[in-house]
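Reproduced below: target.pdb, with PDB, C-alpha atoms.
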```pdb
ATOM      1  CA  THR A   1      94.609  70.595  90.493  1.00  0.00           C
ATOM      2  CA  GLN A   2      96.944  73.285  91.758  1.00  0.00           C
ATOM      3  CA  ILE A   3      95.869  76.883  91.124  1.00  0.00           C
ATOM      4  CA  LEU A   4      98.608  79.448  90.551  1.00  0.00           C
ATOM      5  CA  SER A   5      98.335  83.211  90.075  1.00  0.00           C
ATOM      6  CA  GLY A   6     100.798  85.231  88.020  1.00  0.00           C
ATOM      7  CA  ASP A   7     101.326  88.944  87.532  1.00  0.00           C
ATOM      8  CA  GLY A   8     104.022  91.358  86.449  1.00  0.00           C
ATOM      9  CA  GLN A   9     105.029  94.624  88.054  1.00  0.00           C
ATOM     10  CA  TYR A  10     107.045  97.233  86.174  1.00  0.00           C
ATOM     11  CA  ASP A  11     109.649  99.574  87.619  1.00  0.00           C
ATOM     12  CA  SER A  12     107.901 102.559  86.018  1.00  0.00           C
ATOM     13  CA  PRO A  13     104.560 103.210  84.338  1.00  0.00           C
ATOM     14  CA  GLY A  14     104.066 103.267  80.587  1.00  0.00           C
ATOM     15  CA  HIS A  15     106.254 101.912  77.820  1.00  0.00           C
ATOM     16  CA  CYS A  16     109.544 103.194  79.236  1.00  0.00           C
ATOM     17  CA  ALA A  17     109.968 100.462  81.846  1.00  0.00           C
ATOM     18  CA  LYS A  18     113.375  98.804  81.966  1.00  0.00           C
ATOM     19  CA  PHE A  19     112.472  95.975  84.369  1.00  0.00           C
ATOM     20  CA  CYS A  20     109.478  93.753  85.032  1.00  0.00           C
ATOM     21  CA  ILE A  21     109.252  91.483  88.049  1.00  0.00           C
ATOM     22  CA  TYR A  22     106.930  88.581  87.268  1.00  0.00           C
ATOM     23  CA  THR A  23     105.685  86.657  90.293  1.00  0.00           C
ATOM     24  CA  ILE A  24     103.885  83.312  90.568  1.00  0.00           C
ATOM     25  CA  MET A  25     101.882  82.601  93.723  1.00  0.00           C
ATOM     26  CA  ASP A  26     100.164  79.443  94.967  1.00  0.00           C
ATOM     27  CA  HIS A  27      96.500  80.314  95.405  1.00  0.00           C
ATOM     28  CA  ALA A  28      95.793  77.872  98.257  1.00  0.00           C
ATOM     29  CA  SER A  29      98.715  78.791 100.516  1.00  0.00           C
ATOM     30  CA  GLY A  30      99.212  82.401  99.411  1.00  0.00           C
ATOM     31  CA  LEU A  31     102.948  81.727  99.153  1.00  0.00           C
ATOM     32  CA  ILE A  32     105.124  83.188  96.414  1.00  0.00           C
ATOM     33  CA  LEU A  33     106.560  80.208  94.519  1.00  0.00           C
ATOM     34  CA  ASP A  34     109.065  82.155  92.464  1.00  0.00           C
ATOM     35  CA  PHE A  35     109.757  85.419  90.673  1.00  0.00           C
ATOM     36  CA  PHE A  36     111.704  86.435  87.592  1.00  0.00           C
ATOM     37  CA  ILE A  37     113.189  89.813  86.717  1.00  0.00           C
ATOM     38  CA  ALA A  38     112.985  90.530  82.996  1.00  0.00           C
ATOM     39  CA  GLN A  39     115.155  93.355  81.679  1.00  0.00           C
ATOM     40  CA  LYS A  40     114.577  95.320  78.484  1.00  0.00           C
ATOM     41  CA  GLY A  41     117.316  94.512  75.993  1.00  0.00           C
ATOM     42  CA  LEU A  42     118.132  91.115  77.515  1.00  0.00           C
ATOM     43  CA  ASN A  43     114.729  89.629  76.759  1.00  0.00           C
ATOM     44  CA  PHE A  44     113.672  89.666  73.127  1.00  0.00           C
ATOM     45  CA  GLU A  45     109.966  89.665  73.809  1.00  0.00           C
ATOM     46  CA  GLU A  46     107.622  91.804  75.856  1.00  0.00           C
ATOM     47  CA  LEU A  47     108.858  91.843  79.467  1.00  0.00           C
ATOM     48  CA  GLU A  48     105.761  90.486  81.235  1.00  0.00           C
ATOM     49  CA  ARG A  49     105.402  87.607  78.774  1.00  0.00           C
ATOM     50  CA  ALA A  50     109.136  86.828  79.082  1.00  0.00           C
ATOM     51  CA  GLY A  51     108.871  86.639  82.863  1.00  0.00           C
ATOM     52  CA  CYS A  52     105.790  84.451  82.725  1.00  0.00           C
ATOM     53  CA  ARG A  53     107.391  82.132  80.139  1.00  0.00           C
ATOM     54  CA  GLU A  54     110.549  81.621  82.213  1.00  0.00           C
ATOM     55  CA  LEU A  55     108.635  80.886  85.416  1.00  0.00           C
ATOM     56  CA  LEU A  56     106.185  78.481  83.756  1.00  0.00           C
ATOM     57  CA  LYS A  57     109.066  76.568  82.156  1.00  0.00           C
ATOM     58  CA  LYS A  58     110.783  76.389  85.546  1.00  0.00           C
ATOM     59  CA  ILE A  59     107.620  75.153  87.298  1.00  0.00           C
ATOM     60  CA  ILE A  60     106.965  72.514  84.619  1.00  0.00           C
ATOM     61  CA  GLY A  61     110.660  71.520  84.799  1.00  0.00           C
ATOM     62  CA  LYS A  62     110.214  70.813  88.518  1.00  0.00           C
ATOM     63  CA  GLY A  63     107.482  68.277  87.717  1.00  0.00           C
ATOM     64  CA  VAL A  64     104.364  70.395  88.257  1.00  0.00           C
ATOM     65  CA  VAL A  65     102.861  69.474  84.919  1.00  0.00           C
ATOM     66  CA  GLN A  66      99.132  70.127  85.137  1.00  0.00           C
ATOM     67  CA  PHE A  67      97.859  73.258  86.866  1.00  0.00           C
ATOM     68  CA  LYS A  68      95.541  76.225  86.476  1.00  0.00           C
ATOM     69  CA  LEU A  69      97.039  79.667  85.958  1.00  0.00           C
ATOM     70  CA  VAL A  70      95.120  82.868  86.711  1.00  0.00           C
ATOM     71  CA  THR A  71      96.498  86.063  85.159  1.00  0.00           C
ATOM     72  CA  ASP A  72      95.371  89.490  84.072  1.00  0.00           C
ATOM     73  CA  ARG A  73      94.130  89.856  80.496  1.00  0.00           C
ATOM     74  CA  HIS A  74      97.601  90.225  78.951  1.00  0.00           C
ATOM     75  CA  SER A  75      97.171  89.278  75.278  1.00  0.00           C
ATOM     76  CA  GLY A  76     100.776  88.094  74.899  1.00  0.00           C
ATOM     77  CA  ILE A  77     100.483  85.659  77.808  1.00  0.00           C
ATOM     78  CA  ARG A  78      97.119  84.440  76.527  1.00  0.00           C
ATOM     79  CA  ALA A  79      98.612  83.735  73.072  1.00  0.00           C
ATOM     80  CA  MET A  80     101.758  82.141  74.528  1.00  0.00           C
ATOM     81  CA  ILE A  81      99.824  79.653  76.653  1.00  0.00           C
ATOM     82  CA  ARG A  82      97.399  78.914  73.824  1.00  0.00           C
ATOM     83  CA  ASP A  83     100.004  78.469  71.064  1.00  0.00           C
ATOM     84  CA  ASP A  84     103.130  77.063  72.733  1.00  0.00           C
ATOM     85  CA  GLU A  85     103.053  73.259  73.113  1.00  0.00           C
ATOM     86  CA  THR A  86     105.239  73.581  76.226  1.00  0.00           C
ATOM     87  CA  PHE A  87     102.202  74.944  78.056  1.00  0.00           C
ATOM     88  CA  SER A  88      99.527  72.622  76.632  1.00  0.00           C
ATOM     89  CA  SER A  89      98.808  71.166  80.089  1.00  0.00           C
ATOM     90  CA  VAL A  90      98.255  74.615  81.625  1.00  0.00           C
ATOM     91  CA  THR A  91      94.637  75.753  81.919  1.00  0.00           C
ATOM     92  CA  HIS A  92      94.571  79.544  81.678  1.00  0.00           C
ATOM     93  CA  TYR A  93      91.982  81.746  83.384  1.00  0.00           C
ATOM     94  CA  PHE A  94      91.562  85.499  83.647  1.00  0.00           C
ATOM     95  CA  ASP A  95      91.262  87.228  86.994  1.00  0.00           C
ATOM     96  CA  ILE A  96      87.634  88.381  87.169  1.00  0.00           C
ATOM     97  CA  ARG A  97      88.670  91.666  88.804  1.00  0.00           C
ATOM     98  CA  HIS A  98      90.370  92.604  85.532  1.00  0.00           C
ATOM     99  CA  LEU A  99      87.292  91.578  83.545  1.00  0.00           C
ATOM    100  CA  ALA A 100      85.037  93.680  85.784  1.00  0.00           C
ATOM    101  CA  LYS A 101      87.396  96.631  85.392  1.00  0.00           C
ATOM    102  CA  SER A 102      87.307  96.210  81.592  1.00  0.00           C
ATOM    103  CA  ILE A 103      83.512  96.135  81.597  1.00  0.00           C
ATOM    104  CA  GLY A 104      83.544  99.359  83.624  1.00  0.00           C
ATOM    105  CA  LYS A 105      85.908 101.026  81.132  1.00  0.00           C
ATOM    106  CA  ILE A 106      83.790  99.904  78.173  1.00  0.00           C
ATOM    107  CA  LEU A 107      80.632 101.224  79.815  1.00  0.00           C
ATOM    108  CA  LYS A 108      82.362 104.516  80.630  1.00  0.00           C
ATOM    109  CA  GLU A 109      83.291 104.975  76.958  1.00  0.00           C
ATOM    110  CA  LEU A 110      79.839 103.921  75.729  1.00  0.00           C
ATOM    111  CA  THR A 111      78.041 106.352  78.008  1.00  0.00           C
ATOM    112  CA  LYS A 112      80.052 109.257  76.622  1.00  0.00           C
ATOM    113  CA  LEU A 113      77.987 108.934  73.443  1.00  0.00           C
ATOM    114  CA  LYS A 114      74.710 110.858  73.446  1.00  0.00           C
ATOM    115  CA  ARG A 115      72.731 107.860  72.173  1.00  0.00           C
ATOM    116  CA  ASN A 116      73.883 105.776  75.179  1.00  0.00           C
ATOM    117  CA  GLU A 117      73.097 108.250  77.961  1.00  0.00           C
ATOM    118  CA  SER A 118      70.298 105.983  79.160  1.00  0.00           C
ATOM    119  CA  LEU A 119      72.975 103.476  80.274  1.00  0.00           C
ATOM    120  CA  ILE A 120      74.472 105.868  82.831  1.00  0.00           C
ATOM    121  CA  PRO A 121      72.193 104.813  85.728  1.00  0.00           C
ATOM    122  CA  TRP A 122      72.810 101.137  84.828  1.00  0.00           C
ATOM    123  CA  LYS A 123      76.636 101.156  84.878  1.00  0.00           C
ATOM    124  CA  GLN A 124      77.176 100.003  88.459  1.00  0.00           C
ATOM    125  CA  SER A 125      74.263  97.558  88.291  1.00  0.00           C
ATOM    126  CA  ILE A 126      75.770  95.925  85.191  1.00  0.00           C
ATOM    127  CA  ILE A 127      79.143  95.526  86.918  1.00  0.00           C
ATOM    128  CA  ASN A 128      77.425  94.165  90.052  1.00  0.00           C
ATOM    129  CA  HIS A 129      75.499  91.722  87.872  1.00  0.00           C
ATOM    130  CA  PHE A 130      78.778  90.552  86.337  1.00  0.00           C
ATOM    131  CA  TRP A 131      80.099  89.775  89.838  1.00  0.00           C
ATOM    132  CA  PHE A 132      76.835  87.959  90.639  1.00  0.00           C
ATOM    133  CA  SER A 133      77.122  85.958  87.405  1.00  0.00           C
ATOM    134  CA  CYS A 134      80.696  84.915  88.214  1.00  0.00           C
ATOM    135  CA  ARG A 135      79.814  83.887  91.736  1.00  0.00           C
ATOM    136  CA  ASN A 136      76.817  81.813  90.631  1.00  0.00           C
ATOM    137  CA  SER A 137      78.283  80.143  87.545  1.00  0.00           C
ATOM    138  CA  ALA A 138      80.094  77.436  89.566  1.00  0.00           C
ATOM    139  CA  GLY A 139      82.995  77.558  87.099  1.00  0.00           C
ATOM    140  CA  ASN A 140      80.756  76.900  84.097  1.00  0.00           C
ATOM    141  CA  PRO A 141      81.614  79.472  81.396  1.00  0.00           C
ATOM    142  CA  GLN A 142      78.368  78.910  79.471  1.00  0.00           C
ATOM    143  CA  LYS A 143      76.318  79.517  82.603  1.00  0.00           C
ATOM    144  CA  LEU A 144      78.341  82.656  83.350  1.00  0.00           C
ATOM    145  CA  ILE A 145      77.677  84.071  79.864  1.00  0.00           C
ATOM    146  CA  GLN A 146      74.001  83.115  79.970  1.00  0.00           C
ATOM    147  CA  THR A 147      73.508  84.650  83.417  1.00  0.00           C
ATOM    148  CA  PHE A 148      75.423  87.813  82.548  1.00  0.00           C
ATOM    149  CA  HIS A 149      73.540  88.341  79.301  1.00  0.00           C
ATOM    150  CA  SER A 150      70.247  88.040  81.184  1.00  0.00           C
ATOM    151  CA  PHE A 151      70.639  91.659  82.342  1.00  0.00           C
ATOM    152  CA  LEU A 152      69.685  92.664  78.796  1.00  0.00           C
ATOM    153  CA  LEU A 153      66.143  91.498  79.589  1.00  0.00           C
ATOM    154  CA  HIS A 154      65.905  94.346  82.110  1.00  0.00           C
ATOM    155  CA  VAL A 155      67.456  97.195  80.124  1.00  0.00           C
ATOM    156  CA  THR A 156      65.040  99.325  78.132  1.00  0.00           C
ATOM    157  CA  ARG A 157      65.327 102.620  76.302  1.00  0.00           C
TER     158      ARG A 157
END
```

In structure tokens, what does this structure look like?
Amino acid sequence: TQILSGDGQYDSPGHCAKFCIYTIMDHASGLILDFFIAQKGLNFEELERAGCRELLKKIIGKGVVQFKLVTDRHSGIRAMIRDDETFSSVTHYFDIRHLAKSIGKILKELTKLKRNESLIPWKQSIINHFWFSCRNSAGNPQKLIQTFHSFLLHVTR
């Protein structure tokens, strides 16, 4: 099964962006398959989701029906692929770098609370354990969760 990666890049940070360039890349070859420029006002949905939608429809229209798509954790893209029948043959995955970054942000916020100060020395070890869990799960999500949760056996107050 072909593995594709997709991501959007905005012309400016924040919510004031006028353009989003969404790019789809073939994971095996590293080649850019296509890109789409979404413009605020011309697209009636969120720009990154609009770009992803247009490119996926184009790829499916060219006969690439079943493939895996790796994206960041964009909730609109997740919902679109899950809910739109057009994309029922697409298997959607999240880029683990974004998941690791999210875990780091969550831990940073948790350790700001006095009652969680004991987690501070564990932050990097927890993120490293997440990477270990991903690497050793062999694509099995249950094994990944089980392995990642095992760090709780080592954390004490």

Legend entry - Pairwise distance for atom CA of A:Thr111 and atom CA of A:Ser75, rounded to one decimal in Å: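 For atom CA of A:Thr111 relative to atom CA of A:Ser75, the distance reads 25.8 Å.
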
Inset, instruction - For the structure provided, state which residues fall under the PyMOL selection byres ((chain A and resi 134-137) around 12), and present them as a list in words. - result: Phe94, Asp95, Ile96, Arg97, Leu99, Ala100, Ile127, Asn128, His129, Phe130, Trp131, Phe132, Ser133, Ala138, Gly139, Asn140, Pro141, Gln142, Lys143, Leu144, Ile145, Gln146, Thr147, Phe148 and His149 of chain A

Legend entry - Shell around A:Ala79 at 12 Å using all atoms listed in the file, local window under 6 positions removed, as a list in words: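 What passes the distance filter is Arg49, Arg53, Arg73, Glu85, Phe87, Ser88 and His92 of chain A.
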
Legend entry - Among listed residues A:Ile24, A:Ile60, A:Cys52, A:Leu152, nearest A:His74 (using only C-alpha atoms):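 Selected residue with least distance to A:His74: A:Cys52.
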
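This file, queried with the PyMOL selection byres ((chain A and resi 32-39) around 8), gives the residues Lys18, Phe19, Cys20, Ile21, Tyr22, Thr23, Ile24, Met25, Asp26, Gly30, Leu31, Lys40, Gly41, Leu42, Asn43, Leu47, Glu48, Ala50, Gly51, Cys52, Glu54 and Leu55 of chain A.
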
Please write the residues from the selection above to a file, keeping C-alpha atoms, as a PDB file, in the frame of the given file.
```pdb
ATOM      1  CA  LYS A  18     113.375  98.804  81.966  1.00  0.00           C
ATOM      2  CA  PHE A  19     112.472  95.975  84.369  1.00  0.00           C
ATOM      3  CA  CYS A  20     109.478  93.753  85.032  1.00  0.00           C
ATOM      4  CA  ILE A  21     109.252  91.483  88.049  1.00  0.00           C
ATOM      5  CA  TYR A  22     106.930  88.581  87.268  1.00  0.00           C
ATOM      6  CA  THR A  23     105.685  86.657  90.293  1.00  0.00           C
ATOM      7  CA  ILE A  24     103.885  83.312  90.568  1.00  0.00           C
ATOM      8  CA  MET A  25     101.882  82.601  93.723  1.00  0.00           C
ATOM      9  CA  ASP A  26     100.164  79.443  94.967  1.00  0.00           C
ATOM     10  CA  GLY A  30      99.212  82.401  99.411  1.00  0.00           C
ATOM     11  CA  LEU A  31     102.948  81.727  99.153  1.00  0.00           C
ATOM     12  CA  LYS A  40     114.577  95.320  78.484  1.00  0.00           C
ATOM     13  CA  GLY A  41     117.316  94.512  75.993  1.00  0.00           C
ATOM     14  CA  LEU A  42     118.132  91.115  77.515  1.00  0.00           C
ATOM     15  CA  ASN A  43     114.729  89.629  76.759  1.00  0.00           C
ATOM     16  CA  LEU A  47     108.858  91.843  79.467  1.00  0.00           C
ATOM     17  CA  GLU A  48     105.761  90.486  81.235  1.00  0.00           C
ATOM     18  CA  ALA A  50     109.136  86.828  79.082  1.00  0.00           C
ATOM     19  CA  GLY A  51     108.871  86.639  82.863  1.00  0.00           C
ATOM     20  CA  CYS A  52     105.790  84.451  82.725  1.00  0.00           C
ATOM     21  CA  GLU A  54     110.549  81.621  82.213  1.00  0.00           C
ATOM     22  CA  LEU A  55     108.635  80.886  85.416  1.00  0.00           C
TER      23      LEU A  55
END
```

Legend entry - Atomic separation - atom CA of A:Tyr93 relative to atom CA of A:Glu45, Å: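 Rounded to one decimal, the two atoms are 21.9 Å apart.
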
Legend entry - For atom CA of A:Thr86 and atom CA of A:Gly8, the interatomic separation in Å (one decimal):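 Spanning atom CA of A:Thr86 to atom CA of A:Gly8 is a straight-line distance of 20.5 Å.
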
Inset, instruction - Return the single residue from A:Gln9, A:Ser102, A:Thr71, A:Gln2 that is closest to A:Ile59, with distances computed using only C-alpha atoms. - result: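 When distances to A:Ile59 are compared using only C-alpha atoms, the smallest one comes from A:Gln2.
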